[in-house]
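The structure file input.cif is reproduced below (mmCIF, C-alpha atoms).
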data_input
#
loop_
_atom_site.label_atom_id
_atom_site.label_comp_id
_atom_site.auth_asym_id
_atom_site.auth_seq_id
_atom_site.Cartn_x
_atom_site.Cartn_y
_atom_site.Cartn_z
CA MET Q 1 79.44 107.27 85.27
CA ASN Q 2 79.95 108.53 88.81
CA GLN Q 3 82.08 111.49 89.87
CA PRO Q 4 85.81 110.71 90.04
CA PHE Q 5 87.39 110.64 93.48
CA ALA Q 6 90.19 113.01 92.38
CA THR Q 7 90.93 115.68 89.78
CA VAL Q 8 93.82 116.45 87.47
CA ASP Q 9 94.66 119.38 89.79
CA ASP Q 10 94.98 116.92 92.71
CA ILE Q 11 97.51 114.86 90.74
CA GLN Q 12 99.50 117.96 89.79
CA ARG Q 13 99.56 119.21 93.39
CA LEU Q 14 100.63 115.83 94.78
CA TYR Q 15 103.19 114.86 92.13
CA ARG Q 16 104.26 117.30 89.44
CA PRO Q 17 102.84 119.47 86.66
CA LEU Q 18 101.51 117.34 83.81
CA SER Q 19 102.03 117.96 80.12
CA SER Q 20 98.92 118.66 78.04
CA THR Q 21 98.96 115.07 76.74
CA GLU Q 22 99.21 113.71 80.29
CA GLN Q 23 96.41 116.02 81.43
CA SER Q 24 94.05 114.72 78.75
CA ARG Q 25 94.97 111.11 79.59
CA ALA Q 26 94.46 111.81 83.30
CA GLU Q 27 91.02 113.33 82.63
CA ALA Q 28 90.04 110.15 80.78
CA LEU Q 29 91.60 107.83 83.39
CA LEU Q 30 90.27 109.37 86.62
CA PRO Q 31 86.60 108.33 86.15
CA LEU Q 32 87.69 104.83 85.08
CA VAL Q 33 90.05 104.36 88.03
CA SER Q 34 87.35 105.68 90.40
CA ASP Q 35 84.77 103.25 89.06
CA GLU Q 36 87.26 100.38 89.27
CA ILE Q 37 87.79 101.24 92.96
CA ARG Q 38 84.01 101.29 93.47
CA VAL Q 39 83.65 97.84 91.89
CA LEU Q 40 86.51 96.44 93.98
CA GLY Q 41 84.83 97.88 97.07
CA LYS Q 42 81.61 96.05 96.22
CA GLN Q 43 83.55 92.81 95.73
CA TYR Q 44 84.89 93.18 99.27
CA GLY Q 45 81.48 94.18 100.65
CA LYS Q 46 82.18 97.89 101.10
CA ASP Q 47 80.33 100.82 99.51
CA ILE Q 48 83.12 103.33 98.91
CA ASP Q 49 80.78 106.29 98.31
CA GLU Q 50 78.87 105.55 101.52
CA ALA Q 51 82.12 105.26 103.49
CA ILE Q 52 83.26 108.62 102.09
CA ALA Q 53 79.98 110.25 103.14
CA LYS Q 54 80.52 109.01 106.71
CA ASP Q 55 84.23 109.87 107.08
CA SER Q 56 86.09 112.80 105.51
CA ALA Q 57 89.45 111.24 106.41
CA TYR Q 58 88.51 108.17 104.37
CA GLU Q 59 87.68 110.52 101.48
CA SER Q 60 91.28 111.77 101.59
CA VAL Q 61 92.63 108.21 101.54
CA VAL Q 62 90.46 107.33 98.52
CA LYS Q 63 91.66 110.50 96.76
CA ILE Q 64 95.30 109.59 97.44
CA VAL Q 65 94.85 106.03 96.15
CA THR Q 66 93.05 107.31 93.04
CA CYS Q 67 95.88 109.75 92.35
CA ASP Q 68 98.52 107.07 93.00
CA VAL Q 69 96.95 104.59 90.59
CA THR Q 70 96.32 107.21 87.90
CA PHE Q 71 99.85 108.58 88.14
CA ARG Q 72 101.24 105.03 88.02
CA ILE Q 73 99.35 104.47 84.75
CA LEU Q 74 100.51 107.83 83.36
CA ARG Q 75 104.15 106.90 84.00
CA GLN Q 76 103.82 103.73 81.94
CA ASN Q 77 105.44 103.97 78.54
CA THR Q 78 102.72 103.88 75.90
CA GLU Q 79 105.06 104.27 72.93
CA GLY Q 80 106.48 100.76 73.01
CA ASP Q 81 106.83 97.88 75.39
CA ALA Q 82 106.52 98.89 79.02
CA MET Q 83 109.92 97.62 80.11
CA SER Q 84 111.13 98.39 83.58
CA GLN Q 85 114.38 96.50 83.24
CA GLU Q 86 116.35 95.16 80.30
CA SER Q 87 119.58 93.21 80.15
CA GLN Q 88 121.72 92.25 77.16
CA SER Q 89 124.93 90.31 76.59
CA ALA Q 90 127.28 90.05 73.64
CA LEU Q 91 129.13 87.20 71.91
CA GLY Q 92 127.02 84.35 73.32
CA TYR Q 93 123.98 86.62 72.82
CA SER Q 94 121.55 86.76 75.66
CA TRP Q 95 118.63 89.08 76.35
CA SER Q 96 116.14 89.43 79.17
CA GLY Q 97 113.54 92.00 80.05
CA THR Q 98 111.04 92.69 82.80
CA PHE Q 99 107.76 94.39 82.05
CA ALA Q 100 106.67 97.25 84.34
CA VAL Q 101 103.10 95.99 84.66
CA SER Q 102 102.52 92.57 83.23
CA GLY Q 103 99.29 92.67 81.29
CA GLY Q 104 98.99 96.42 81.90
CA GLY Q 105 95.62 98.05 82.31
CA ILE Q 106 93.86 99.78 85.16
CA ALA Q 107 92.97 96.64 87.11
CA ASN Q 108 96.61 95.53 87.21
CA SER Q 109 97.71 98.98 88.34
CA ILE Q 110 95.70 98.75 91.58
CA LEU Q 111 98.10 97.04 93.94
CA ASN Q 112 97.42 95.05 97.11
CA ASN Q 113 98.95 97.94 99.04
CA ASP Q 114 96.27 100.24 97.58
CA LEU Q 115 93.56 97.80 98.65
CA LYS Q 116 94.99 97.77 102.19
CA LYS Q 117 94.93 101.58 102.32
CA LEU Q 118 91.25 101.49 101.33
CA GLY Q 119 90.53 98.94 104.06
CA LEU Q 120 89.51 96.31 101.54
CA ARG Q 121 92.25 93.82 102.35
CA ARG Q 122 93.40 93.07 105.81
CA GLN Q 123 96.15 90.83 106.99
CA GLN Q 124 94.60 87.54 107.83
CA MET Q 125 95.84 85.36 110.56
CA GLY Q 126 94.80 81.80 110.83
CA SER Q 127 95.83 78.80 112.79
CA GLU Q 128 95.45 75.12 112.46
CA PHE Q 129 95.05 72.89 115.44
CA ILE Q 130 96.73 69.56 114.96
CA TRP Q 131 95.62 66.86 117.31
CA ARG Q 132 97.56 63.70 117.52
CA GLY Q 133 95.94 60.96 119.41
CA CYS Q 134 98.18 59.44 122.02
CA GLN Q 135 97.54 56.18 123.71
CA VAL Q 136 98.47 56.06 127.31
CA SER Q 137 98.57 52.66 128.91
CA ALA Q 138 98.23 52.22 132.61
#

Can you dump the structure from the file as structure tokens?
Amino acid sequence: MNQPFATVDDIQRLYRPLSSTEQSRAEALLPLVSDEIRVLGKQYGKDIDEAIAKDSAYESVVKIVTCDVTFRILRQNTEGDAMSQESQSALGYSWSGTFAVSGGGIANSILNNDLKKLGLRRQQMGSEFIWRGCQVSA
């Protein structure tokens, strides 16, 4: 396993002090999140470690994304269902709920916005040329 892009101290400096349970979870998560970012980079044709070696500013961006993703996972409720919103009614009985991260996991915690920050996804612009043949009679 490669070196993680961030440390538990980075997360605590950027967000808030972590409890001892959160610290141990973060220590386990950081290498996994970092390797997931490396694999995503390869899928998009970019070697993250090589890009970091060339640009220290890019290293900071990768560290921020790693901290963001790890902290997002730490905030997920692991005791029960990871509900972000719940609604109930009475008499006619109705219930609905929205899960924080459908499917959960590290891969689902890396958002498109994170990929854009890493330069792996760019806004694509395309056009389609529609040609309609016109007959002109003289």

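Using all atoms listed in the file, the nearest neighbour of Q:Ile37 within the list Q:Leu115, Q:Leu14, Q:Val61, Q:Leu91 is Q:Leu115.
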
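Using all atoms listed in the file, the smallest distance between any of Q:Val33, Q:Gln3, Q:Lys117, Q:Trp95 and Q:Phe71 comes from Q:Val33.
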
Quiz item: Counting all atoms listed in the file, what is within 12 Å of Q:Thr66, bar same-chain residues fewer than 4 positions away, as an MDAnalysis selection string?
Solution: chainID Q and resid 4:8 10:11 14 26 29:38 59:62 70:73 106 109:111 114:115 117:118

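The gap separating atom CA of Q:Glu86 from atom CA of Q:Val65 is 28.8 Å, in Å to one decimal.
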
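Proximity to Q:Asn113 was assessed for Q:Gln88, Q:Asp68, Q:Gly97, Q:Arg25 counting only C-alpha atoms; the smallest distance is recorded for Q:Asp68.
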
Quiz item: So, counting only C-alpha atoms, which residue among Q:Ala28, Q:Cys67, Q:Leu40, Q:Ala53 is closest to Q:Arg16?
Solution: Q:Cys67

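The spacing separating atom CA of Q:Pro17 from atom CA of Q:Ser56 amounts to 26.1 Å.
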
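Picture a line from atom CA of Q:Lys46 to atom CA of Q:Ile64; it runs 18.0 Å.
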
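The smallest atom-to-atom distance between Q:Asn112 and any of Q:Val39, Q:Glu22, Q:Val69, Q:Ile48, using all atoms listed in the file, is found for Q:Val69.
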
Practice problem: May I ask which of the residues Q:Tyr15, Q:Lys116, Q:Ala57, Q:Ser87 is the closest one to Q:Leu74, counting only C-alpha atoms? | Solution: Q:Tyr15

Can you tell me, as lines of an AutoDock Vina configuration file, the centre and edge lengths (Å, one decimal) of the axis-aligned box enclosing all of stretch 54-61 of chain Q's listed atoms after padding each side by 6 Å?
center_x = 86.6
center_y = 110.5
center_z = 104.3
size_x = 24.1
size_y = 16.6
size_z = 17.6
